[in-house]
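The next block is my_file.cif, given as mmCIF, C-alpha atoms.
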data_start
#
loop_
_atom_site.group_PDB
_atom_site.id
_atom_site.type_symbol
_atom_site.label_atom_id
_atom_site.label_comp_id
_atom_site.auth_asym_id
_atom_site.auth_seq_id
_atom_site.Cartn_x
_atom_site.Cartn_y
_atom_site.Cartn_z
ATOM 1 C CA SER A 1 46.230 65.055 -79.674
ATOM 2 C CA SER A 2 47.765 62.678 -77.082
ATOM 3 C CA SER A 3 46.865 65.100 -74.252
ATOM 4 C CA SER A 4 43.267 65.321 -75.496
ATOM 5 C CA SER A 5 42.984 61.509 -75.621
ATOM 6 C CA SER A 6 44.301 61.176 -72.026
ATOM 7 C CA SER A 7 41.800 63.751 -70.794
ATOM 8 C CA THR A 8 38.945 61.925 -72.524
ATOM 9 C CA ASN A 9 40.003 58.555 -71.030
ATOM 10 C CA ALA A 10 40.322 60.088 -67.563
ATOM 11 C CA SER A 11 36.861 61.633 -67.818
ATOM 12 C CA THR A 12 35.390 58.323 -68.954
ATOM 13 C CA SER A 13 37.037 56.406 -66.068
ATOM 14 C CA ALA A 14 35.780 58.913 -63.504
ATOM 15 C CA SER A 15 32.258 58.740 -64.894
ATOM 16 C CA GLN A 16 32.306 54.945 -64.848
ATOM 17 C CA SER A 17 33.537 54.916 -61.231
ATOM 18 C CA ALA A 18 30.783 57.323 -60.191
ATOM 19 C CA GLU A 19 28.131 55.287 -61.986
ATOM 20 C CA PHE A 20 29.422 52.055 -60.393
ATOM 21 C CA VAL A 21 29.239 53.512 -56.885
ATOM 22 C CA LYS A 22 25.788 54.941 -57.572
ATOM 23 C CA ASN A 23 24.479 51.533 -58.641
ATOM 24 C CA GLU A 24 26.183 49.814 -55.714
ATOM 25 C CA ALA A 25 24.644 52.272 -53.241
ATOM 26 C CA LYS A 26 21.167 51.662 -54.632
ATOM 27 C CA GLN A 27 21.687 47.899 -54.544
ATOM 28 C CA LYS A 28 22.848 47.960 -50.906
ATOM 29 C CA ALA A 29 19.897 50.166 -49.953
ATOM 30 C CA GLU A 30 17.461 47.727 -51.565
ATOM 31 C CA GLN A 31 19.077 44.798 -49.744
ATOM 32 C CA ALA A 32 18.838 46.650 -46.458
ATOM 33 C CA LYS A 33 15.160 47.438 -47.087
ATOM 34 C CA ALA A 34 14.480 43.761 -47.780
ATOM 35 C CA ALA A 35 16.334 42.763 -44.597
ATOM 36 C CA ALA A 36 14.335 45.283 -42.591
ATOM 37 C CA SER A 37 11.083 44.001 -44.056
ATOM 38 C CA ASN A 38 11.982 40.400 -43.196
ATOM 39 C CA PHE A 39 13.080 41.394 -39.663
ATOM 40 C CA PHE A 40 9.887 43.200 -38.788
ATOM 41 C CA ALA A 41 7.729 40.492 -40.341
ATOM 42 C CA LYS A 42 9.296 38.006 -37.940
ATOM 43 C CA ALA A 43 9.016 40.480 -35.061
ATOM 44 C CA THR A 44 5.316 40.887 -35.781
ATOM 45 C CA ASP A 45 4.768 37.114 -35.713
ATOM 46 C CA PHE A 46 6.554 36.909 -32.381
ATOM 47 C CA VAL A 47 4.762 39.657 -30.487
ATOM 48 C CA LYS A 48 1.254 39.132 -31.866
ATOM 49 C CA THR A 49 0.637 36.449 -29.223
ATOM 50 C CA PHE A 50 0.746 39.223 -26.636
ATOM 51 C CA ASN A 51 -1.117 42.006 -28.416
ATOM 52 C CA GLN A 52 -1.617 41.403 -32.109
ATOM 53 C CA ASP A 53 -3.069 44.761 -33.129
ATOM 54 C CA LYS A 54 -0.578 46.900 -31.227
ATOM 55 C CA ALA A 55 2.339 44.727 -32.304
ATOM 56 C CA LYS A 56 1.423 45.070 -35.964
ATOM 57 C CA GLN A 57 0.955 48.792 -35.555
ATOM 58 C CA LEU A 58 4.370 49.088 -33.902
ATOM 59 C CA ALA A 59 6.071 47.010 -36.587
ATOM 60 C CA LYS A 60 4.420 49.047 -39.344
ATOM 61 C CA VAL A 61 5.416 52.397 -37.821
ATOM 62 C CA VAL A 62 9.028 51.396 -37.307
ATOM 63 C CA TYR A 63 9.244 49.762 -40.723
ATOM 64 C CA GLU A 64 8.038 52.945 -42.413
ATOM 65 C CA GLU A 65 10.625 54.948 -40.488
ATOM 66 C CA VAL A 66 13.346 52.482 -41.492
ATOM 67 C CA LYS A 67 12.280 52.562 -45.131
ATOM 68 C CA ASP A 68 12.386 56.351 -45.122
ATOM 69 C CA THR A 69 15.812 56.276 -43.491
ATOM 70 C CA PHE A 70 17.240 53.927 -46.118
ATOM 71 C CA THR A 71 15.648 55.869 -48.956
ATOM 72 C CA HIS A 72 17.179 59.037 -47.598
ATOM 73 C CA GLU A 73 20.593 57.366 -47.168
ATOM 74 C CA SER A 74 20.565 55.758 -50.610
ATOM 75 C CA ASP A 75 19.610 59.057 -52.275
ATOM 76 C CA HIS A 76 22.492 60.786 -50.548
ATOM 77 C CA ALA A 77 24.878 57.974 -51.474
ATOM 78 C CA ALA A 78 23.792 58.203 -55.100
ATOM 79 C CA GLU A 79 24.217 61.992 -55.057
ATOM 80 C CA ARG A 80 27.726 61.638 -53.607
ATOM 81 C CA ALA A 81 28.582 59.053 -56.241
ATOM 82 C CA ALA A 82 27.168 61.215 -59.031
ATOM 83 C CA SER A 83 29.150 64.229 -57.812
ATOM 84 C CA THR A 84 32.458 62.425 -58.259
ATOM 85 C CA PRO A 85 34.795 64.788 -60.187
ATOM 86 C CA ARG A 86 34.230 64.556 -63.956
ATOM 87 C CA GLN A 87 36.790 67.096 -65.120
ATOM 88 C CA THR A 88 38.096 66.369 -68.580
ATOM 89 C CA ASN A 89 41.611 67.454 -67.644
ATOM 90 C CA GLN A 90 42.182 64.715 -65.012
ATOM 91 C CA ASP A 91 45.421 62.843 -65.346
ATOM 92 C CA ALA A 92 45.892 59.155 -64.469
ATOM 93 C CA SER A 93 46.712 59.783 -60.782
ATOM 94 C CA GLU A 94 43.551 61.891 -60.304
ATOM 95 C CA VAL A 95 41.460 59.094 -61.780
ATOM 96 C CA MET A 96 42.935 56.663 -59.251
ATOM 97 C CA VAL A 97 42.117 59.025 -56.389
ATOM 98 C CA SER A 98 38.558 59.359 -57.680
ATOM 99 C CA ALA A 99 38.191 55.580 -57.774
ATOM 100 C CA GLN A 100 39.458 55.293 -54.189
ATOM 101 C CA ASN A 101 37.005 57.958 -53.040
ATOM 102 C CA ALA A 102 34.238 56.134 -54.839
ATOM 103 C CA ASN A 103 35.153 52.942 -53.033
ATOM 104 C CA SER A 104 35.035 54.787 -49.712
ATOM 105 C CA SER A 105 31.549 55.974 -50.625
ATOM 106 C CA GLY A 106 30.547 52.375 -51.279
ATOM 107 C CA ASN A 107 31.927 51.328 -47.885
ATOM 108 C CA SER A 108 29.922 54.146 -46.308
ATOM 109 C CA SER A 109 26.742 52.792 -47.851
ATOM 110 C CA ARG A 110 27.483 49.403 -46.296
ATOM 111 C CA ASN A 111 27.477 51.033 -42.855
ATOM 112 C CA VAL A 112 23.891 52.225 -43.312
ATOM 113 C CA ALA A 113 22.488 48.981 -41.856
ATOM 114 C CA GLY A 114 24.632 49.316 -38.738
ATOM 115 C CA ARG A 115 23.557 52.914 -38.103
ATOM 116 C CA TRP A 116 19.938 52.020 -38.691
ATOM 117 C CA MET A 117 19.987 49.038 -36.312
ATOM 118 C CA ASP A 118 21.144 51.268 -33.448
ATOM 119 C CA SER A 119 18.485 53.909 -34.028
ATOM 120 C CA ALA A 120 15.725 51.392 -34.781
ATOM 121 C CA PHE A 121 16.466 49.426 -31.622
ATOM 122 C CA ASP A 122 16.275 52.588 -29.527
ATOM 123 C CA ARG A 123 12.867 53.449 -31.021
ATOM 124 C CA VAL A 124 11.485 49.935 -30.623
ATOM 125 C CA SER A 125 12.794 49.374 -27.088
ATOM 126 C CA SER A 126 11.299 52.655 -25.892
ATOM 127 C CA HIS A 127 7.831 51.879 -27.268
ATOM 128 C CA PRO A 128 5.261 51.102 -24.512
ATOM 129 C CA THR A 129 4.088 47.909 -26.221
ATOM 130 C CA PHE A 130 7.614 46.551 -26.410
ATOM 131 C CA GLN A 131 8.265 47.424 -22.771
ATOM 132 C CA ARG A 132 5.058 45.687 -21.637
ATOM 133 C CA MET A 133 5.972 42.652 -23.716
ATOM 134 C CA THR A 134 9.451 42.553 -22.150
ATOM 135 C CA GLU A 135 8.003 42.769 -18.661
ATOM 136 C CA ARG A 136 5.590 39.941 -19.457
ATOM 137 C CA LEU A 137 8.429 37.751 -20.767
ATOM 138 C CA GLU A 138 10.439 38.412 -17.601
ATOM 139 C CA ASP A 139 7.430 37.381 -15.505
ATOM 140 C CA ILE A 140 7.085 34.157 -17.495
ATOM 141 C CA LYS A 141 10.792 33.421 -17.155
ATOM 142 C CA GLU A 142 10.680 33.989 -13.383
ATOM 143 C CA ASN A 143 7.639 31.768 -12.998
ATOM 144 C CA ILE A 144 9.307 28.955 -14.953
ATOM 145 C CA GLU A 145 12.516 29.220 -12.915
ATOM 146 C CA ASN A 146 10.621 29.082 -9.587
ATOM 147 C CA SER A 147 7.960 26.539 -10.513
ATOM 148 C CA ASP A 148 8.007 22.893 -9.428
ATOM 149 C CA HIS A 149 5.627 21.849 -12.196
ATOM 150 C CA PRO A 150 7.013 18.969 -14.338
ATOM 151 C CA LEU A 151 6.558 21.025 -17.495
ATOM 152 C CA ALA A 152 8.662 23.827 -15.982
ATOM 153 C CA HIS A 153 11.396 21.299 -15.220
ATOM 154 C CA ARG A 154 11.348 20.148 -18.833
ATOM 155 C CA VAL A 155 11.618 23.724 -20.084
ATOM 156 C CA ARG A 156 14.599 24.377 -17.789
ATOM 157 C CA ASP A 157 16.291 21.156 -18.898
ATOM 158 C CA MET A 158 15.735 22.085 -22.538
ATOM 159 C CA ASN A 159 17.229 25.521 -21.957
ATOM 160 C CA ASP A 160 20.280 24.011 -20.250
ATOM 161 C CA SER A 161 20.831 21.528 -23.078
ATOM 162 C CA LEU A 162 20.515 24.185 -25.763
ATOM 163 C CA PHE A 163 22.489 27.044 -24.253
ATOM 164 C CA SER A 164 24.844 25.630 -21.616
ATOM 165 C CA GLU A 165 28.455 24.942 -22.546
ATOM 166 C CA THR A 166 29.074 21.290 -23.362
ATOM 167 C CA GLU A 167 31.809 19.287 -21.675
ATOM 168 C CA ALA A 168 33.659 18.999 -24.982
ATOM 169 C CA ALA A 169 33.540 22.792 -25.359
ATOM 170 C CA ARG A 170 34.813 23.316 -21.806
ATOM 171 C CA THR A 171 37.604 20.826 -22.406
ATOM 172 C CA THR A 172 38.586 22.440 -25.701
ATOM 173 C CA ARG A 173 38.636 25.863 -24.055
ATOM 174 C CA THR A 174 40.923 24.563 -21.285
ATOM 175 C CA ILE A 175 43.226 22.929 -23.833
ATOM 176 C CA ARG A 176 43.486 26.223 -25.741
ATOM 177 C CA GLN A 177 44.320 28.044 -22.522
ATOM 178 C CA TRP A 178 47.052 25.602 -21.576
ATOM 179 C CA ASP A 179 48.373 25.005 -25.085
ATOM 180 C CA PRO A 180 47.343 27.719 -27.605
ATOM 181 C CA SER A 181 49.149 25.860 -30.399
ATOM 182 C CA PHE A 182 47.012 22.717 -30.035
ATOM 183 C CA ASP A 183 45.801 21.243 -33.314
ATOM 184 C CA SER A 184 43.722 18.051 -33.287
ATOM 185 C CA VAL A 185 45.047 16.814 -36.639
ATOM 186 C CA LYS A 186 48.680 17.228 -35.578
ATOM 187 C CA PHE A 187 47.811 15.678 -32.221
ATOM 188 C CA LEU A 188 46.512 12.477 -33.880
ATOM 189 C CA ARG A 189 49.490 12.329 -36.225
ATOM 190 C CA ARG A 190 51.852 12.565 -33.243
ATOM 191 C CA LEU A 191 49.984 9.776 -31.471
ATOM 192 C CA THR A 192 50.322 7.595 -34.561
ATOM 193 C CA ARG A 193 54.100 7.999 -34.259
ATOM 194 C CA GLU A 194 54.356 7.676 -30.454
ATOM 195 C CA LEU A 195 51.872 4.918 -29.612
ATOM 196 C CA PRO A 196 54.053 2.094 -31.074
ATOM 197 C CA ASP A 197 56.915 3.203 -28.800
ATOM 198 C CA ILE A 198 54.635 3.202 -25.738
ATOM 199 C CA ILE A 199 53.271 -0.302 -26.450
ATOM 200 C CA ARG A 200 56.779 -1.563 -27.192
ATOM 201 C CA ALA A 201 58.086 -0.081 -23.925
ATOM 202 C CA TYR A 202 55.226 -1.768 -22.068
ATOM 203 C CA LEU A 203 55.982 -5.186 -23.553
ATOM 204 C CA ARG A 204 59.735 -4.993 -22.932
ATOM 205 C CA GLY A 205 59.495 -3.268 -19.527
ATOM 206 C CA ASP A 206 61.319 -0.050 -20.518
ATOM 207 C CA LYS A 207 60.586 1.992 -17.402
ATOM 208 C CA LYS A 208 62.431 5.085 -18.624
ATOM 209 C CA VAL A 209 60.219 5.431 -21.715
ATOM 210 C CA LEU A 210 57.091 4.665 -19.690
ATOM 211 C CA ASP A 211 57.941 7.397 -17.160
ATOM 212 C CA GLU A 212 58.402 9.908 -19.997
ATOM 213 C CA THR A 213 55.231 9.062 -21.909
ATOM 214 C CA CYS A 214 52.714 7.867 -19.287
ATOM 215 C CA ALA A 215 51.024 9.355 -16.261
ATOM 216 C CA PRO A 216 52.619 8.029 -13.029
ATOM 217 C CA GLN A 217 49.779 5.627 -12.189
ATOM 218 C CA MET A 218 49.794 4.179 -15.716
ATOM 219 C CA ALA A 219 53.581 3.772 -15.770
ATOM 220 C CA GLU A 220 53.420 1.918 -12.452
ATOM 221 C CA ARG A 221 50.672 -0.381 -13.725
ATOM 222 C CA PHE A 222 52.584 -1.240 -16.907
ATOM 223 C CA HIS A 223 55.766 -1.891 -14.961
ATOM 224 C CA GLY A 224 53.875 -4.053 -12.452
ATOM 225 C CA GLU A 225 52.478 -6.257 -15.239
ATOM 226 C CA TYR A 226 55.934 -6.619 -16.747
ATOM 227 C CA MET A 227 57.392 -7.666 -13.387
ATOM 228 C CA LYS A 228 54.615 -10.270 -13.095
ATOM 229 C CA TRP A 229 55.606 -11.747 -16.465
ATOM 230 C CA GLN A 230 59.213 -11.792 -15.321
ATOM 231 C CA ALA A 231 58.251 -13.652 -12.152
ATOM 232 C CA GLU A 232 56.453 -16.248 -14.286
ATOM 233 C CA GLY A 233 59.489 -16.568 -16.556
ATOM 234 C CA LEU A 234 57.655 -15.234 -19.627
ATOM 235 C CA GLU A 235 58.715 -12.812 -22.321
ATOM 236 C CA MET A 236 56.374 -10.984 -24.720
ATOM 237 C CA ASP A 237 57.142 -10.381 -28.377
ATOM 238 C CA ASP A 238 57.519 -6.584 -28.665
ATOM 239 C CA ASN A 239 57.276 -6.326 -32.453
ATOM 240 C CA ILE A 240 54.706 -3.640 -33.379
ATOM 241 C CA LEU A 241 54.177 -3.825 -37.121
ATOM 242 C CA ASP A 242 51.847 -0.880 -37.540
ATOM 243 C CA VAL A 243 49.493 1.529 -35.753
ATOM 244 C CA GLU A 244 46.577 2.873 -37.772
ATOM 245 C CA ASP A 245 43.078 4.362 -37.605
ATOM 246 C CA VAL A 246 43.900 6.649 -34.672
ATOM 247 C CA GLU A 247 40.615 8.440 -33.997
ATOM 248 C CA LEU A 248 39.578 11.058 -31.446
ATOM 249 C CA ILE A 249 36.208 10.004 -30.023
ATOM 250 C CA GLU A 250 35.754 12.211 -26.937
ATOM 251 C CA LEU A 251 37.116 15.230 -25.081
ATOM 252 C CA LYS A 252 36.346 15.554 -21.394
ATOM 253 C CA LEU A 253 37.725 16.859 -18.118
ATOM 254 C CA MET A 254 39.091 14.302 -15.665
ATOM 255 C CA GLY A 255 39.237 16.443 -12.561
ATOM 256 C CA ASP A 256 40.827 19.633 -13.847
ATOM 257 C CA ALA A 257 42.891 17.945 -16.546
ATOM 258 C CA PRO A 258 41.734 17.857 -20.188
ATOM 259 C CA THR A 259 41.556 14.284 -21.432
ATOM 260 C CA ALA A 260 41.309 13.034 -25.015
ATOM 261 C CA VAL A 261 39.827 9.556 -25.500
ATOM 262 C CA VAL A 262 41.115 7.882 -28.656
ATOM 263 C CA ARG A 263 40.841 4.510 -30.283
ATOM 264 C CA PHE A 264 43.324 2.886 -32.611
ATOM 265 C CA THR A 265 44.377 -0.433 -34.079
ATOM 266 C CA ALA A 266 47.820 -2.002 -33.761
ATOM 267 C CA GLN A 267 49.170 -4.942 -35.725
ATOM 268 C CA GLN A 268 51.440 -6.946 -33.454
ATOM 269 C CA ILE A 269 52.849 -10.444 -32.998
ATOM 270 C CA ASN A 270 50.983 -12.731 -30.645
ATOM 271 C CA CYS A 271 53.867 -14.694 -29.269
ATOM 272 C CA VAL A 272 54.903 -15.478 -25.673
ATOM 273 C CA ARG A 273 58.233 -17.205 -25.035
ATOM 274 C CA SER A 274 59.941 -18.735 -22.076
ATOM 275 C CA LYS A 275 62.564 -16.308 -20.844
ATOM 276 C CA LYS A 276 64.869 -19.144 -19.848
ATOM 277 C CA THR A 277 64.678 -21.398 -22.905
ATOM 278 C CA GLY A 278 63.292 -19.068 -25.582
ATOM 279 C CA GLU A 279 60.691 -21.639 -26.538
ATOM 280 C CA VAL A 280 57.237 -20.466 -27.599
ATOM 281 C CA GLU A 281 54.719 -20.860 -24.794
ATOM 282 C CA ARG A 282 51.690 -19.268 -26.505
ATOM 283 C CA GLY A 283 50.985 -18.028 -30.026
ATOM 284 C CA ALA A 284 53.594 -18.153 -32.778
ATOM 285 C CA PRO A 285 56.283 -15.918 -34.316
ATOM 286 C CA ASP A 286 54.127 -15.441 -37.410
ATOM 287 C CA ASP A 287 50.790 -15.090 -35.566
ATOM 288 C CA VAL A 288 49.885 -11.506 -36.514
ATOM 289 C CA HIS A 289 46.938 -10.022 -34.673
ATOM 290 C CA SER A 290 44.996 -6.828 -35.207
ATOM 291 C CA VAL A 291 44.523 -5.448 -31.684
ATOM 292 C CA HIS A 292 41.952 -2.717 -31.013
ATOM 293 C CA TYR A 293 42.768 -0.300 -28.203
ATOM 294 C CA LEU A 294 41.044 2.461 -26.269
ATOM 295 C CA ALA A 295 43.341 5.043 -24.712
ATOM 296 C CA ALA A 296 42.945 8.203 -22.635
ATOM 297 C CA MET A 297 45.566 10.907 -23.129
ATOM 298 C CA GLU A 298 45.810 13.500 -20.355
ATOM 299 C CA LEU A 299 47.212 16.993 -20.888
ATOM 300 C CA GLN A 300 49.699 18.089 -18.231
ATOM 301 C CA GLU A 301 49.817 21.841 -17.688
ATOM 302 C CA GLY A 302 53.111 23.614 -18.313
ATOM 303 C CA ALA A 303 55.113 24.387 -15.179
ATOM 304 C CA VAL A 304 58.383 25.909 -13.990
ATOM 305 C CA ASP A 305 60.734 23.451 -12.263
ATOM 306 C CA GLU A 306 62.665 24.192 -9.089
ATOM 307 C CA ASP A 307 65.757 25.070 -11.130
ATOM 308 C CA GLY A 308 63.751 27.619 -13.153
ATOM 309 C CA THR A 309 63.378 25.424 -16.236
ATOM 310 C CA TYR A 310 60.003 25.694 -17.954
ATOM 311 C CA THR A 311 58.334 22.414 -18.905
ATOM 312 C CA PRO A 312 55.771 22.991 -21.674
ATOM 313 C CA PRO A 313 52.358 21.273 -21.674
ATOM 314 C CA ARG A 314 52.534 17.632 -22.715
ATOM 315 C CA TRP A 315 50.153 14.749 -23.329
ATOM 316 C CA LEU A 316 50.645 11.614 -21.213
ATOM 317 C CA LEU A 317 48.940 8.233 -21.452
ATOM 318 C CA ARG A 318 46.508 7.967 -18.530
ATOM 319 C CA GLU A 319 44.611 4.785 -19.422
ATOM 320 C CA MET A 320 44.849 2.101 -22.091
ATOM 321 C CA ALA A 321 42.862 -1.083 -22.567
ATOM 322 C CA VAL A 322 42.380 -3.725 -25.241
ATOM 323 C CA HIS A 323 38.750 -3.945 -26.382
ATOM 324 C CA GLY A 324 39.126 -6.562 -29.086
ATOM 325 C CA MET A 325 41.529 -8.450 -31.306
ATOM 326 C CA GLN A 326 41.474 -10.751 -34.275
ATOM 327 C CA ALA A 327 43.997 -12.876 -36.121
ATOM 328 C CA ILE A 328 45.037 -11.532 -39.501
ATOM 329 C CA TYR A 329 46.945 -14.620 -40.740
#
structure tokens encoding of this file:
Amino acid sequence: SSSSSSSTNASTSASQSAEFVKNEAKQKAEQAKAAASNFFAKATDFVKTFNQDKAKQLAKVVYEEVKDTFTHESDHAAERAASTPRQTNQDASEVMVSAQNANSSGNSSRNVAGRWMDSAFDRVSSHPTFQRMTERLEDIKENIENSDHPLAHRVRDMNDSLFSETEAARTTRTIRQWDPSFDSVKFLRRLTRELPDIIRAYLRGDKKVLDETCAPQMAERFHGEYMKWQAEGLEMDDNILDVEDVELIELKLMGDAPTAVVRFTAQQINCVRSKKTGEVERGAPDDVHSVHYLAAMELQEGAVDEDGTYTPPRWLLREMAVHGMQAIY
């Protein structure tokens, strides 16, 4: 009795798998037919400006061939699904194999569109109307490229703006080539941690930190400003309370180097003291300002040093400027 029940369950499972694949094959075939109909409707609209009657005739002929192809494929897929083994003496493992085969049949039906596109394209591209249309389009393209007419210039400019690679895309591609692990979110988080140290090093004249975190020209500029303060006997308050709102606003190439332009806000103390006496010359110890910065971070390509040590790519501060500030309290 137990053996009979197992056989019945196995037969039922196999039948259900076959029926599922049969329905799936029909559904995929119908979707493909609809896609083909939509494709050739658009193709007809496109080519009718050249030769409306012949274009419609071409689209109709190819569509009928495609429809016949899909009907033929779907019928075969349904027949393969229906012929899935239905023996009543299948055990559980045979049912699993049948289900896997049924799934393979379903995957095969999904490849129908790909096989059709290849054959349909060959038929369409070899049709005389299509070839004449292609030749005409090439003539138009050549005339536009060689013409000095203002309208031709506008068409070329439009084409360049739509299809040429943007500077941001070129910069991103270069960054990925130099540093495949680059992630913009992690990059901004790292800047949020490192920017306070850079500003602090600038205010206190820490040349070692500036050399490690800034491009050479920027490190020299920061150090020069610090030496000027020293010559005037002034000392800046280097307390950086917070850095927030770090935002990437532009990616561009400066020469060959990828550069990320960011803006951020730092809360710092506006206080200048006399180096000799320690007395406040400007501001106050509790004069907290919100300072808005623009900064350009430049990516240095990885390189091998003379001693054979590899230095990985790193971001250095190339430019930084204050573009606004306001007192908080």
(request) Give as a PyMOL selection string the set of residues within 12 Å of the point (39.5, 9.2, -10.2), where distances use the file's coordinates and all atoms listed in the file. (result) chain A and resi 217+253-257+318-319
Keeping only C-alpha atoms, write the selected residues as an mmCIF file, in the coordinates of the input.
data_model
loop_
_atom_site.group_PDB
_atom_site.id
_atom_site.type_symbol
_atom_site.label_atom_id
_atom_site.label_comp_id
_atom_site.auth_asym_id
_atom_site.auth_seq_id
_atom_site.Cartn_x
_atom_site.Cartn_y
_atom_site.Cartn_z
ATOM 1 C CA GLN A 217 49.779 5.627 -12.189
ATOM 2 C CA LEU A 253 37.725 16.859 -18.118
ATOM 3 C CA MET A 254 39.091 14.302 -15.665
ATOM 4 C CA GLY A 255 39.237 16.443 -12.561
ATOM 5 C CA ASP A 256 40.827 19.633 -13.847
ATOM 6 C CA ALA A 257 42.891 17.945 -16.546
ATOM 7 C CA ARG A 318 46.508 7.967 -18.530
ATOM 8 C CA GLU A 319 44.611 4.785 -19.422
#
(message) I'd like the interatomic distance between CA of Ala219 in chain A and CA of Leu195 in chain A, to a tenth of an Å.
(response)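 Interatomic distance here is 14.0 Å.
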(request) Find the residues around Asp286 in chain A up to 10 Å (all atoms listed in the file counted), leave out those fewer than 5 positions away in its own chain, and share them as a ChimeraX atom specification. (result) /A:268-271,329
(message) Give me, as a PyMOL selection string, all polymer residues having an atom no more than 7 Å from Leu251 in chain A, counting only C-alpha atoms and skipping those fewer than 4 positions away in the same chain.
(response) chain A and resi 168+171+259-261
Listed atoms of range 130-135 of chain A, axis-aligned box, 3 Å per side: centre and edge lengths to one decimal in Å, as JSON?
{"center_x": 7.3, "center_y": 45.0, "center_z": -22.5, "size_x": 10.4, "size_y": 10.9, "size_z": 13.7}
(request) Using CA of Arg190 in chain A and CA of Glu235 in chain A as the two end points, give the distance in Å to one decimal. (result)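 Here the two named atoms are 28.5 Å from each other.
Distances from A:Arg314, A:Arg193, A:His127, A:Arg263 to Asp242 in chain A were compared using all atoms listed in the file, and the smallest one belongs to A:Arg193.
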(message) Just the number, please: distance in Å from CA of Lys228 in chain A to CA of Val262 in chain A, one decimal.
(response)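 So the answer is 27.5 Å.
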(message) Given all atoms listed in the file as the basis, pick out the residue of A:Asp238, A:Asp206, A:Gly233, A:Ser274 nearest to Glu220 in chain A.
(response)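 Once distances to Glu220 in chain A are computed over all atoms listed in the file, the minimum belongs to A:Asp206.
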(message) Could you check the closest approach to Pro196 in chain A for each of A:Thr213, A:Trp178, A:Glu279, A:Asp122 and tell me which residue wins, using only C-alpha atoms?
(response) A:Thr213
